file structure28.csv (CSV, C-alpha atoms)
chain,number,residue,atom,x,y,z
A,11,MET,CA,24.0,223.1,-62.0
A,12,THR,CA,22.4,219.6,-61.7
A,13,ASP,CA,21.7,218.5,-58.1
A,14,ARG,CA,23.2,215.0,-57.9
A,15,LEU,CA,20.8,214.0,-55.2
A,16,ASP,CA,17.6,214.6,-57.2
A,17,GLU,CA,17.2,210.9,-58.1
A,18,TYR,CA,17.8,209.9,-54.5
A,19,ARG,CA,15.1,212.3,-53.2
A,20,SER,CA,12.6,211.4,-55.9
A,21,LYS,CA,12.6,207.7,-54.6
A,22,ARG,CA,12.0,208.5,-50.9
A,23,ASP,CA,9.4,210.1,-48.8
A,24,ALA,CA,10.8,211.8,-45.7
A,25,ARG,CA,7.6,211.2,-43.8
A,26,ARG,CA,7.9,207.4,-44.2
A,27,THR,CA,11.6,206.5,-44.1
A,28,PRO,CA,14.3,207.1,-41.5
A,29,GLU,CA,16.9,207.7,-44.2
A,30,PRO,CA,18.6,211.1,-44.3
A,31,ILE,CA,17.1,213.3,-47.0
A,32,PRO,CA,19.0,216.6,-47.0
A,33,ALA,CA,17.2,219.6,-48.6
A,34,ALA,CA,20.3,221.4,-49.8
A,35,PRO,CA,22.3,220.3,-52.8
A,36,PRO,CA,25.6,218.5,-52.0
A,37,ASP,CA,28.8,220.6,-51.5
A,38,PRO,CA,31.6,219.1,-53.6
A,39,ALA,CA,34.3,221.0,-51.7
A,40,ALA,CA,37.0,219.3,-49.6
A,41,PRO,CA,36.4,215.6,-50.4
A,42,LYS,CA,37.7,213.2,-47.7
A,43,CYS,CA,37.6,209.9,-49.6
A,44,ARG,CA,35.6,208.0,-47.1
A,45,PHE,CA,33.7,204.8,-47.8
A,46,VAL,CA,31.0,202.7,-46.2
A,47,ILE,CA,29.8,199.2,-46.9
A,48,GLN,CA,26.2,198.5,-45.7
A,49,GLN,CA,24.7,195.0,-45.4
A,50,HIS,CA,21.1,195.5,-46.8
A,51,HIS,CA,18.5,192.9,-46.0
A,52,ALA,CA,16.0,194.2,-48.6
A,53,ARG,CA,13.9,192.0,-51.0
A,54,SER,CA,17.2,190.1,-51.5
A,55,LEU,CA,20.3,190.4,-49.4
A,56,HIS,CA,23.1,192.5,-50.9
A,57,TRP,CA,25.9,194.9,-49.9
A,58,ASP,CA,25.9,198.6,-50.8
A,59,VAL,CA,29.4,200.0,-51.4
A,60,ARG,CA,29.5,203.8,-51.2
A,61,LEU,CA,32.5,206.0,-52.1
A,62,GLU,CA,32.7,209.6,-51.2
A,63,ARG,CA,33.2,211.7,-54.3
A,64,ASP,CA,32.4,215.4,-55.1
A,65,GLY,CA,30.1,215.8,-52.1
A,66,VAL,CA,28.0,212.6,-52.6
A,67,LEU,CA,28.4,208.9,-52.1
A,68,VAL,CA,28.8,207.1,-55.4
A,69,SER,CA,27.0,203.8,-54.8
A,70,PHE,CA,27.0,200.2,-56.0
A,71,ALA,CA,24.7,197.4,-54.9
A,72,VAL,CA,26.8,194.2,-54.8
A,73,PRO,CA,24.6,191.1,-54.4
A,74,ARG,CA,27.4,188.8,-53.2
A,75,GLY,CA,29.6,191.4,-51.5
A,76,LEU,CA,33.2,192.3,-52.5
A,77,PRO,CA,35.2,189.2,-53.7
A,78,ARG,CA,37.8,188.1,-51.3
A,79,ASP,CA,40.2,186.6,-53.9
A,80,GLN,CA,41.2,187.2,-57.5
A,81,ALA,CA,39.4,184.1,-58.8
A,82,ARG,CA,36.0,185.6,-59.2
A,83,ASN,CA,34.3,188.8,-60.3
A,84,HIS,CA,31.1,189.9,-58.6
A,85,LEU,CA,28.2,191.7,-60.1
A,86,ALA,CA,27.8,195.4,-59.0
A,87,LYS,CA,24.8,197.5,-59.9
A,88,HIS,CA,25.5,201.2,-60.1
A,89,THR,CA,22.7,202.9,-58.2
A,90,GLU,CA,21.8,206.6,-57.5
A,91,ASP,CA,24.2,208.8,-55.6
A,92,HIS,CA,23.5,209.0,-51.8
A,93,PRO,CA,24.1,211.9,-49.4
A,94,LEU,CA,27.1,212.0,-47.2
A,95,GLU,CA,24.9,211.5,-44.1
A,96,TYR,CA,24.5,207.9,-45.3
A,97,LEU,CA,28.1,207.2,-44.1
A,98,GLY,CA,26.6,206.5,-40.7
A,99,PHE,CA,23.1,205.3,-41.5
A,100,THR,CA,21.7,202.1,-40.0
A,101,GLY,CA,18.0,201.3,-39.5
A,102,GLU,CA,14.9,199.7,-40.8
A,103,ILE,CA,13.5,201.1,-44.0
A,104,PRO,CA,9.7,200.3,-43.9
A,105,ALA,CA,8.3,197.6,-46.0
A,106,GLY,CA,6.8,199.0,-49.2
A,107,GLU,CA,9.2,201.8,-49.4
A,108,TYR,CA,12.1,201.9,-51.9
A,109,GLY,CA,14.8,199.7,-50.5
A,110,GLY,CA,12.6,198.4,-47.7
A,111,GLY,CA,14.5,196.2,-45.2
A,112,ARG,CA,17.1,196.3,-42.5
A,113,MET,CA,20.4,198.1,-43.1
A,114,THR,CA,23.5,197.7,-41.0
A,115,ILE,CA,27.1,198.9,-41.4
A,116,HIS,CA,29.4,196.1,-42.5
A,117,ASP,CA,32.6,198.2,-42.8
A,118,ARG,CA,33.8,201.8,-43.2
A,119,GLY,CA,37.1,203.6,-43.6
A,120,THR,CA,39.0,205.6,-46.2
A,121,TYR,CA,40.1,204.8,-49.7
A,122,GLU,CA,42.7,206.0,-52.2
A,123,THR,CA,41.7,206.6,-55.8
A,124,ASP,CA,43.8,204.6,-58.3
A,125,LYS,CA,41.6,205.4,-61.3
A,126,TRP,CA,38.3,207.2,-61.8
A,127,ARG,CA,36.7,207.1,-65.2
A,128,ASP,CA,33.0,207.0,-66.3
A,129,ASP,CA,33.4,203.3,-67.1
A,130,GLU,CA,36.1,202.2,-64.6
A,131,ILE,CA,36.9,203.0,-61.0
A,132,GLY,CA,40.0,201.7,-59.2
A,133,VAL,CA,40.3,202.1,-55.4
A,134,THR,CA,42.4,200.9,-52.5
A,135,PHE,CA,40.3,200.3,-49.4
A,136,HIS,CA,41.6,201.0,-45.8
A,137,GLY,CA,38.8,199.7,-43.7
A,138,GLU,CA,38.2,197.8,-40.5
A,139,ARG,CA,37.4,194.6,-42.4
A,140,THR,CA,38.1,195.5,-46.0
A,141,ASN,CA,41.5,196.2,-47.3
A,142,GLY,CA,43.2,196.0,-50.7
A,143,ARG,CA,42.8,197.1,-54.3
A,144,TYR,CA,39.5,196.7,-56.2
A,145,VAL,CA,38.4,197.7,-59.7
A,146,PHE,CA,34.8,198.4,-60.6
A,147,PHE,CA,34.2,198.2,-64.4
A,148,GLN,CA,31.1,198.9,-66.5
A,149,THR,CA,29.7,196.1,-68.6
A,150,GLY,CA,26.6,197.9,-69.8
A,151,GLY,CA,24.4,200.7,-68.5
A,152,ARG,CA,24.1,200.5,-64.7
A,153,ASP,CA,25.6,196.9,-64.8
A,154,TRP,CA,29.1,196.8,-63.5
A,155,MET,CA,31.5,194.1,-62.1
A,156,VAL,CA,34.0,194.3,-59.3
A,157,ARG,CA,37.3,192.5,-59.1
A,158,ARG,CA,39.8,192.2,-56.4
A,159,MET,CA,43.3,193.0,-57.7
A,160,ASP,CA,45.4,192.0,-54.7
A,161,PRO,CA,46.2,188.4,-53.8
A,162,ALA,CA,44.0,187.0,-51.0
A,163,GLU,CA,45.2,187.1,-47.4
A,164,PRO,CA,48.0,184.6,-46.5
A,165,GLY,CA,46.6,181.1,-46.0
A,166,TRP,CA,43.3,181.9,-47.8
A,167,GLU,CA,41.7,178.9,-49.6
A,168,PRO,CA,38.8,179.3,-51.9
A,169,MET,CA,35.6,177.6,-50.9
A,170,PRO,CA,35.6,174.0,-52.3
A,171,GLU,CA,33.1,173.2,-55.0
A,172,THR,CA,32.3,169.9,-53.3
A,173,VAL,CA,33.2,168.1,-50.0
A,174,PRO,CA,31.9,164.5,-50.0
A,175,PRO,CA,30.6,163.6,-46.5
A,176,MET,CA,32.7,161.5,-44.1
A,177,LEU,CA,30.9,158.2,-43.2
A,178,ALA,CA,30.7,156.2,-40.0
A,179,THR,CA,31.4,152.5,-39.6
A,180,ARG,CA,28.6,150.4,-38.1
A,181,VAL,CA,29.5,148.6,-34.9
A,182,ALA,CA,27.6,146.5,-32.4
A,183,GLY,CA,28.3,148.5,-29.2
A,184,LEU,CA,29.8,151.5,-27.6
A,185,PRO,CA,33.6,152.1,-27.6
A,186,PRO,CA,35.3,151.1,-24.4
A,187,ASP,CA,37.3,154.3,-24.1
A,188,ASP,CA,34.1,156.3,-23.7
A,189,ALA,CA,35.8,159.6,-22.5
A,190,ASP,CA,37.6,159.9,-25.9
A,191,TRP,CA,34.5,160.1,-27.9
A,192,GLY,CA,31.7,162.6,-28.6
A,193,TYR,CA,28.2,161.3,-29.2
A,194,GLU,CA,25.5,162.8,-31.5
A,195,MET,CA,22.0,161.6,-32.2
A,196,ALA,CA,21.6,159.6,-35.5
A,197,TRP,CA,18.7,161.5,-37.0
A,198,GLY,CA,17.9,159.3,-40.0
A,199,GLY,CA,17.4,162.3,-42.2
A,200,ARG,CA,18.8,163.3,-45.6
A,201,ARG,CA,22.6,164.0,-45.4
A,202,VAL,CA,23.4,167.4,-47.0
A,203,THR,CA,26.4,169.7,-47.3
A,204,ALA,CA,25.5,173.4,-47.1
A,205,TYR,CA,27.8,175.8,-49.0
A,206,ILE,CA,27.1,179.4,-47.8
A,207,SER,CA,28.8,182.3,-49.7
A,208,GLY,CA,27.7,185.9,-50.2
A,209,GLY,CA,24.5,185.3,-48.2
A,210,ARG,CA,23.5,182.5,-50.6
A,211,THR,CA,23.0,178.8,-49.8
A,212,ARG,CA,23.7,175.8,-52.0
A,213,LEU,CA,22.6,172.4,-50.7
A,214,ALA,CA,24.2,169.1,-52.0
A,215,ASP,CA,23.1,165.6,-51.0
A,216,ALA,CA,25.5,162.8,-50.2
A,217,ASP,CA,25.9,162.0,-53.9
A,218,GLY,CA,26.7,165.6,-54.7
A,219,ALA,CA,23.4,166.4,-56.4
A,220,ASP,CA,22.1,170.0,-56.0
A,221,VAL,CA,18.9,169.8,-53.8
A,222,THR,CA,18.7,173.5,-53.0
A,223,SER,CA,15.3,174.0,-54.7
A,224,TRP,CA,13.8,171.1,-52.7
A,225,TYR,CA,14.1,172.9,-49.4
A,226,PRO,CA,13.5,176.6,-49.8
A,227,GLU,CA,13.2,177.1,-46.0
A,228,ILE,CA,16.8,176.1,-45.5
A,229,ARG,CA,18.1,178.6,-48.1
A,230,LEU,CA,17.4,181.4,-45.6
A,231,ILE,CA,20.3,180.2,-43.5
A,232,GLY,CA,22.6,182.1,-46.0
A,233,PRO,CA,21.3,185.6,-45.3
A,234,ALA,CA,21.0,184.8,-41.6
A,235,LEU,CA,24.7,183.9,-41.4
A,236,ALA,CA,25.9,186.7,-43.7
A,237,PRO,CA,28.6,188.0,-44.0
A,238,ILE,CA,30.2,184.8,-42.8
A,239,GLU,CA,31.0,182.2,-45.4
A,240,ALA,CA,31.1,178.5,-44.5
A,241,VAL,CA,30.7,174.9,-45.5
A,242,LEU,CA,28.5,172.9,-43.1
A,243,ASP,CA,27.7,169.2,-42.7
A,244,GLY,CA,24.4,168.0,-41.4
A,245,GLU,CA,21.0,166.4,-42.1
A,246,ILE,CA,17.6,167.7,-43.2
A,247,LEU,CA,14.7,166.3,-41.2
A,248,ALA,CA,11.0,166.2,-41.7
A,249,PHE,CA,8.7,166.0,-38.7
A,250,ASP,CA,5.4,164.3,-38.0
A,251,GLY,CA,4.5,166.1,-34.8
A,252,ALA,CA,7.6,166.0,-32.6
A,253,ARG,CA,9.2,163.0,-34.2
A,254,PRO,CA,11.4,162.8,-37.3
A,255,ALA,CA,9.6,161.3,-40.3
A,256,PRO,CA,12.1,160.2,-43.0
A,257,GLU,CA,9.3,158.9,-45.2
A,258,LEU,CA,7.8,162.4,-45.6
A,259,LEU,CA,11.2,163.9,-46.4
A,260,THR,CA,11.8,161.6,-49.3
A,261,ARG,CA,8.6,162.5,-51.0
A,262,ARG,CA,9.7,166.1,-51.8
A,263,LYS,CA,10.3,166.2,-55.6
A,264,ALA,CA,10.0,162.4,-55.8
A,265,PRO,CA,8.7,161.8,-59.4
A,266,LYS,CA,7.0,158.5,-58.6
A,267,ASP,CA,4.7,160.0,-56.0
A,268,SER,CA,1.4,161.6,-56.8
A,269,ALA,CA,1.2,165.3,-57.0
A,270,ALA,CA,-1.0,165.3,-53.9
A,271,ALA,CA,1.6,163.3,-51.9
A,272,ARG,CA,4.4,165.8,-53.0
A,273,ARG,CA,2.3,168.8,-52.0
A,274,ALA,CA,1.6,167.2,-48.6
A,275,ALA,CA,5.3,166.6,-48.1
A,276,GLU,CA,6.1,170.2,-49.1
A,277,ARG,CA,3.8,171.4,-46.4
A,278,THR,CA,5.7,169.3,-43.8
A,279,PRO,CA,8.1,171.4,-41.8
A,280,VAL,CA,11.8,170.6,-42.4
A,281,HIS,CA,14.8,171.3,-40.3
A,282,LEU,CA,18.5,171.3,-40.9
A,283,MET,CA,20.6,169.8,-38.1
A,284,VAL,CA,24.2,171.1,-38.5
A,285,TYR,CA,26.8,169.0,-36.8
A,286,ASP,CA,30.1,169.7,-38.4
A,287,LEU,CA,32.1,172.6,-39.9
A,288,LEU,CA,34.3,171.9,-43.0
A,289,TRP,CA,35.4,175.4,-44.2
A,290,LEU,CA,35.2,178.8,-42.6
A,291,GLU,CA,36.1,182.2,-43.9
A,292,GLY,CA,38.8,181.0,-46.3
A,293,HIS,CA,40.2,178.2,-44.2
A,294,SER,CA,39.6,174.5,-44.4
A,295,THR,CA,38.9,172.9,-41.1
A,296,THR,CA,38.8,169.2,-42.2
A,297,GLU,CA,42.4,168.0,-41.9
A,298,LEU,CA,44.0,170.1,-39.2
A,299,VAL,CA,41.2,170.8,-36.8
A,300,ARG,CA,40.0,168.1,-34.4
A,301,TYR,CA,36.3,167.2,-34.1
A,302,ALA,CA,36.0,168.8,-30.7
A,303,GLU,CA,37.6,172.1,-32.0
A,304,ARG,CA,35.3,172.1,-35.1
A,305,ARG,CA,32.3,171.7,-32.8
A,306,GLU,CA,33.5,174.7,-30.7
A,307,LEU,CA,33.9,176.8,-33.9
A,308,LEU,CA,30.5,175.7,-35.1
A,309,ASP,CA,28.8,176.6,-31.8
A,310,GLY,CA,30.4,180.0,-32.1
A,311,LEU,CA,28.4,180.7,-35.3
A,312,GLY,CA,25.2,180.7,-33.2
A,313,LEU,CA,23.2,178.7,-35.8
A,314,THR,CA,19.7,179.0,-34.3
A,315,GLY,CA,16.7,179.6,-36.6
A,316,GLU,CA,13.2,178.5,-37.4
A,317,HIS,CA,14.5,175.8,-39.7
A,318,TRP,CA,18.0,175.1,-38.5
A,319,GLN,CA,20.1,174.5,-35.4
A,320,THR,CA,23.3,173.0,-34.1
A,321,PRO,CA,22.2,170.0,-31.9
A,322,PRO,CA,24.2,169.2,-28.8
A,323,PHE,CA,26.8,166.5,-28.6
A,324,PHE,CA,27.9,164.6,-25.5
A,325,ALA,CA,31.7,164.4,-24.7
A,326,GLY,CA,31.7,160.9,-23.1
A,327,GLY,CA,28.4,159.5,-21.7
A,328,GLY,CA,27.7,157.0,-24.5
A,329,GLU,CA,25.0,155.2,-22.5
A,330,PHE,CA,23.2,158.4,-21.7
A,331,ALA,CA,23.3,159.3,-25.4
A,332,LEU,CA,21.8,155.9,-26.4
A,333,GLU,CA,19.0,156.3,-23.8
A,334,ALA,CA,18.2,159.7,-25.2
A,335,ALA,CA,18.1,158.3,-28.7
A,336,ARG,CA,15.7,155.6,-27.6
A,337,ALA,CA,13.5,158.0,-25.8
A,338,GLN,CA,13.1,160.2,-29.0
A,339,GLY,CA,12.5,157.2,-31.2
A,340,LEU,CA,15.8,157.8,-33.1
A,341,PRO,CA,17.8,155.1,-34.9
A,342,GLY,CA,20.8,155.4,-32.6
A,343,VAL,CA,23.9,157.5,-32.1
A,344,VAL,CA,27.1,158.4,-34.0
A,345,ALA,CA,30.2,158.3,-31.9
A,346,LYS,CA,33.1,160.5,-33.1
A,347,ARG,CA,36.6,160.5,-31.7
A,348,LEU,CA,37.2,164.0,-30.1
A,349,ASP,CA,40.6,164.2,-31.8
A,350,SER,CA,39.4,163.0,-35.3
A,351,PRO,CA,39.9,165.0,-38.5
A,352,TYR,CA,37.2,165.1,-41.1
A,353,LEU,CA,38.0,162.7,-44.0
A,354,PRO,CA,35.9,163.7,-47.0
A,355,GLY,CA,34.3,160.8,-48.8
A,356,ARG,CA,35.8,158.1,-46.5
A,357,ARG,CA,34.2,155.6,-44.2
A,358,SER,CA,36.3,155.4,-41.0
A,359,ARG,CA,36.4,153.8,-37.6
A,360,LEU,CA,37.1,157.3,-36.2
A,361,TRP,CA,33.3,157.6,-36.5
A,362,LEU,CA,31.0,154.8,-35.3
A,363,SER,CA,27.3,154.2,-36.0
A,364,ILE,CA,25.6,152.5,-33.0
A,365,ALA,CA,22.0,151.3,-33.2
A,366,ALA,CA,19.6,152.2,-30.4
A,367,ASP,CA,18.0,148.7,-30.2
call {"tool": "encode", "arguments": {"input": "structure28.csv", "output": "structure tokens"}}
result
Amino acid sequence: MTDRLDEYRSKRDARRTPEPIPAAPPDPAAPKCRFVIQQHHARSLHWDVRLERDGVLVSFAVPRGLPRDQARNHLAKHTEDHPLEYLGFTGEIPAGEYGGGRMTIHDRGTYETDKWRDDEIGVTFHGERTNGRYVFFQTGGRDWMVRRMDPAEPGWEPMPETVPPMLATRVAGLPPDDADWGYEMAWGGRRVTAYISGGRTRLADADGADVTSWYPEIRLIGPALAPIEAVLDGEILAFDGARPAPELLTRRKAPKDSAAARRAAERTPVHLMVYDLLWLEGHSTTELVRYAERRELLDGLGLTGEHWQTPPFFAGGGEFALEAARAQGLPGVVAKRLDSPYLPGRRSRLWLSIAAD
């Protein structure tokens, strides 16, 4: 009888990897229909979905994770069967080994089998985070797709394709009702919206053009935030020493500049300053959530990385904010009413642009 773990063992060296490598063949008796979904930061981030069947874990690598609504199918790669001990495996697979990278448990639970054929598997998950009916179907060889069959959870909204940025109105001085406003630094960078889904990042500029390839450093925010999905509003900055340098930022991919100038700009560190949250985990936050509440949600995401952060804002204290902007050589501040919604594509007096000089 064929040992279904032969392929699994052949790809791993027990002396070099912490993964479980049982010596005995799997026992197909008494299946319990358990599942585990592991978030795998390998060469590229993906999720491994493993279903207990006949003494092994039938496994699929799903690059964007299981879809959360019926509107999209996700790629699923049928991989080798894994041992049941993998139901509880977390750890760091050493670099250079097969599947090298960090593996954590995203979800686990039990499932019911709705259909099990060589080319189609239908299951209903009962997990801590994953529930509902899904179908895996073969498209060719090891290539499969996975589709959610149940409607999305009540209130779920798909991630918008585009959210035009809200714009501030230029004014000459600080608002008189200071305590009703939040103040942010005006960074003078490139305004972008970041769409983060399935561990991937798409960046769009203020005109809606895709600029993701311009800033490869910023793309890493997607796997860092995974499995959370969100739409973020912010600015990308280039720095000359400790000060923002907008002129260096604009040279990236600028066709009129010399190749040497573009290469120099590409070596300049860039940073994403995230200051608003427009969509989170299936729910828009633009119309119904106040600016102060959106900032609280945003702070809860803990966006701190080598190339991104959530800068502070000041509730009240406009004079202090202006002085801080002057001290940093920034253009000024943006005042936002603490109770303001986000109005995509509109210029509003709910947001005010105030120059530092």
call {"tool": "closest_residue", "arguments": {"input": "structure28.csv", "among": "A:Arg63, A:Arg347, A:Arg357, A:His293", "to": "Ala162 (chain A)", "atoms": "all atoms listed in the file"}}
result
A:His293
call {"tool": "atom_distance", "arguments": {"input": "structure28.csv", "atom1": "CA of Thr149 (chain A)", "atom2": "CA of Ala52 (chain A)"}}
result
24.3 Å
call {"tool": "residues_near_point", "arguments": {"input": "structure28.csv", "point": "(22.5, 180.0, -43.9)", "cutoff": "12 Å", "atoms": "only C-alpha atoms", "output": "ChimeraX atom specification"}}
result
/A:55,203-213,222,226-242,282-284,311-319
call {"tool": "atom_distance", "arguments": {"input": "structure28.csv", "atom1": "CA of Ile47 (chain A)", "atom2": "CA of Val156 (chain A)"}}
result
14.0 Å
call {"tool": "atom_distance", "arguments": {"input": "structure28.csv", "atom1": "CA of Gly310 (chain A)", "atom2": "CA of Asn83 (chain A)"}}
result
29.8 Å
call {"tool": "residues_near_point", "arguments": {"input": "structure28.csv", "point": "(14.1, 195.1, -45.7)", "cutoff": "6 Å", "atoms": "all atoms listed in the file", "output": "list in words"}}
result
His51, Ala52, Gly110, Gly111 and Arg112 of chain A
call {"tool": "closest_residue", "arguments": {"input": "structure28.csv", "among": "A:Val221, A:Leu340, A:Leu97, A:Ala24", "to": "Leu67 (chain A)", "atoms": "all atoms listed in the file"}}
result
A:Leu97
call {"tool": "closest_residue", "arguments": {"input": "structure28.csv", "among": "A:Thr320, A:Thr278, A:Asn141, A:Ser350", "to": "Thr296 (chain A)", "atoms": "all atoms listed in the file"}}
result
A:Ser350
call {"tool": "residues_around", "arguments": {"input": "structure28.csv", "residues": "Gly165 (chain A)", "least_positions_apart": "5", "cutoff": "12 Å", "atoms": "all atoms listed in the file", "output": "list in words"}}
result
Asp79, Glu291, Gly292, His293 and Ser294 of chain A
call {"tool": "write_last_selection", "arguments": {"input": "structure28.csv", "atoms": "C-alpha atoms", "output": "short mmCIF file (atom, residue, chain, number, x, y, z; two decimals), in the coordinates of the input"}}
result
data_model
loop_
_atom_site.label_atom_id
_atom_site.label_comp_id
_atom_site.auth_asym_id
_atom_site.auth_seq_id
_atom_site.Cartn_x
_atom_site.Cartn_y
_atom_site.Cartn_z
CA ASP A 79 40.20 186.60 -53.90
CA GLU A 291 36.10 182.20 -43.90
CA GLY A 292 38.80 181.00 -46.30
CA HIS A 293 40.20 178.20 -44.20
CA SER A 294 39.60 174.50 -44.40
#
call {"tool": "closest_residue", "arguments": {"input": "structure28.csv", "among": "A:Ala216, A:Ala366, A:Val72, A:Leu287", "to": "Ala337 (chain A)", "atoms": "all atoms listed in the file"}}
result
A:Ala366
call {"tool": "build_atoms", "arguments": {"input": "structure28.csv", "residues": "region 66-80 of chain A", "atoms": "N, CA and C atoms", "output": "short mmCIF file (atom, residue, chain, number, x, y, z; two decimals), in the coordinates of the input"}}
result
data_model
loop_
_atom_site.label_atom_id
_atom_site.label_comp_id
_atom_site.auth_asym_id
_atom_site.auth_seq_id
_atom_site.Cartn_x
_atom_site.Cartn_y
_atom_site.Cartn_z
N VAL A 66 29.04 213.64 -52.67
CA VAL A 66 28.00 212.60 -52.60
C VAL A 66 28.70 211.26 -52.37
N LEU A 67 27.89 210.23 -52.18
CA LEU A 67 28.40 208.90 -52.10
C LEU A 67 28.01 208.13 -53.39
N VAL A 68 29.00 207.89 -54.24
CA VAL A 68 28.80 207.10 -55.40
C VAL A 68 28.55 205.65 -54.98
N SER A 69 27.45 205.03 -55.44
CA SER A 69 27.00 203.80 -54.80
C SER A 69 26.81 202.66 -55.77
N PHE A 70 27.14 201.47 -55.27
CA PHE A 70 27.00 200.20 -56.00
C PHE A 70 26.30 199.21 -55.10
N ALA A 71 25.30 198.51 -55.62
CA ALA A 71 24.70 197.40 -54.90
C ALA A 71 25.39 196.11 -55.42
N VAL A 72 26.01 195.38 -54.48
CA VAL A 72 26.80 194.20 -54.80
C VAL A 72 26.13 192.98 -54.19
N PRO A 73 25.43 192.16 -54.99
CA PRO A 73 24.60 191.10 -54.40
C PRO A 73 25.38 190.09 -53.56
N ARG A 74 26.64 189.78 -53.90
CA ARG A 74 27.40 188.80 -53.20
C ARG A 74 28.53 189.40 -52.34
N GLY A 75 28.55 190.72 -52.24
CA GLY A 75 29.60 191.40 -51.50
C GLY A 75 30.89 191.44 -52.34
N LEU A 76 31.89 192.15 -51.83
CA LEU A 76 33.20 192.30 -52.50
C LEU A 76 33.86 190.89 -52.57
N PRO A 77 34.43 190.49 -53.70
CA PRO A 77 35.20 189.20 -53.70
C PRO A 77 36.38 189.27 -52.85
N ARG A 78 36.70 188.12 -52.25
CA ARG A 78 37.80 188.10 -51.30
C ARG A 78 39.09 187.51 -51.93
N ASP A 79 39.00 187.08 -53.18
CA ASP A 79 40.20 186.60 -53.90
C ASP A 79 40.10 187.03 -55.33
N GLN A 80 41.14 186.77 -56.10
CA GLN A 80 41.20 187.20 -57.50
C GLN A 80 40.49 186.24 -58.45
#
